[in-house]
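Engineer: Structure below; questions to follow.
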Amino acid sequence: MRMPRFFVLSLLAMAAVVPPMTAGSAQAQQVPSSREQISLSFSPLVKSAAPAVVNIYTKRVVRAAASPLLNDPFFRRFFGDALPPGAVKEKIQRSLGSGVILSPDGTVVTNHHVIKDADEVTVVLSDRREFEAHIVGSDERTDLAVLKIDPSRGESLPVLSMGDSDALEVGDLVIAIGNPFGVGQTVTSGIVSALARTNVGISDYRSFIQTDAAINPGNSGGALVDMSGRLIGINSAIYSKDGGSNGIGFAIPTSLVKTVIASITQSGKVVRPWLGASGQAVTSELAQAMSLPRPIGVLLNGIAKGGPADRAGLRVGDVVTHIQGREVDDAEAMRFRLATLAPGAEAQVTYMRDGAEHTALVRLIAPPETPPREVTDIGGSNPFTGATLANLNPALAEEVGMASVSTGVVVLRIKRGSVAHRLQFQPGDIILRINDQTVSTVAEAKALLAARADTWRVTINRDGQTLSLQVGG
């Protein structure tokens, strides 16, 4: 039996873009109480959204060997990556997606995977106007990208206001607009099935809105819209056995979308805030041992000396339960809540210590580049020949998705076919010892690896586990 798996929605999708339809304070939600209320329609909402829906077309030139034989390792031994003249052919690879226009100046948000590696990007509005798009920036870890189109002829563009995804409640009505399987614009409706889903492994920052509105391949980059006609999520993935909708779809909340767009617009890349602390989810066993009323929060097991958390007075053993008043259930939820803030912001952190609740104001900063990376390719005759090493600092840890308080010498890359590759070292391994000598910096690792040895003893940390290897002897 085939098991369910996650599908990133990578085909053509349409995004609903409308201004808010209501003004003033939100009214309390009510269950329909009359026949007239039950017969109400989403039609006005959809009609308002349709003019601002955009399609995204991408083009990529792919170079490949003209014959499969040229990919054979035997031929590669002679030619390497430089194939002989006439042995390479080019083909155009096209893909489709969708995006949402967020401002009159032509700012468009979409999924990273929609425009990944694209050489050309074209945005087409529902009224058939076409614009060449410039990629302002893209962030693979959140699967978000920002495009810019130029309405230079004084043309007006429809826009969609962003709503507050943190104000959503389970059971709220939502609609999704897209182009599933390329059949044409399709509108589906449903409810918010769950919030803050952190166990969906489709990006590094996980706190997804789950909905039962039918979402299929083709809705990628499309909009999840609330009943006020505001964008509250970017549709990104489905949970499915065969690629079709099973009533479980996931959208990136606008609380994260706003921060990513602001960072990319200002600097061309995403700069995330650094707390200087790491931790693990509080289990039932830990909650009992710590006399907590229920399993909640993140037990801090690492504090960077001199970092924001350290300066704010947080300690190893504290249990963070809320950030900015929002409950955090695990480490992923804590990372997400921090990612919705910008460097320089002051985060209100609620934590438990010795059975009492405390609050700290933590001034977040950008991850520092200390110590310097010293990225180094290793050669010679040693177990790490063909590996690229670097000093692990908070900025690098953020880039490669490691714990922000990790230190030491990390393996960044492994060259295929090299000694390091054959010995099964992996990117992300942290070197602890070489021939029983502690390794703290790249310089120390280089000096130890430069020495001649008949037997090599190497100890590494991989995903929290300590592994040892002996080569030769």
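In the structure tokens, chains take the letters A, B, ... in the order shown, each chain's residues start at 1, and ligands count up from 1 in the order shown.
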Residues within 12 Å of A:Val53, please, as a ChimeraX atom specification. Count only C-alpha atoms; anything in the same chain fewer than 6 positions from it doesn't count.

Structural biologist: /A:12-18,46-47,97-102,108-110,123-129,157-160,176-179,185-187,221-223

Engineer: If you count only C-alpha atoms, which residues fall within 6 Å of stretch 323-337 of chain A, apart from same-chain ones fewer than 6 positions away, as a PDB file with C-alpha atoms, in the first residue's frame?

Structural biologist:
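As a result, around.pdb now contains:
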```
ATOM      1  CA  TYR A 205      10.132  27.246   9.075  1.00  0.00           C
ATOM      2  CA  GLN A 280      13.643  20.682  22.642  1.00  0.00           C
ATOM      3  CA  ALA A 281       9.916  20.110  23.010  1.00  0.00           C
ATOM      4  CA  ILE A 296       4.003  22.790  26.744  1.00  0.00           C
ATOM      5  CA  GLY A 297       6.924  24.857  25.576  1.00  0.00           C
ATOM      6  CA  VAL A 298      10.581  24.425  24.716  1.00  0.00           C
ATOM      7  CA  GLN A 348       8.544  39.254  24.799  1.00  0.00           C
ATOM      8  CA  VAL A 349       9.526  35.782  25.999  1.00  0.00           C
TER       9      VAL A 349
END
```

Engineer: As a ChimeraX atom specification, please: the residues near stretch 300-314 of chain A (cut-off 7 Å, only C-alpha atoms, same-chain neighbours under 3 positions excluded).

Structural biologist: /A:275-280,317-319,360-364,405

Engineer: Using only C-alpha atoms, which residue out of A:Thr340, A:Thr459, A:Thr107, A:Ser418 lies closest to A:Val270?

Structural biologist: A:Thr340
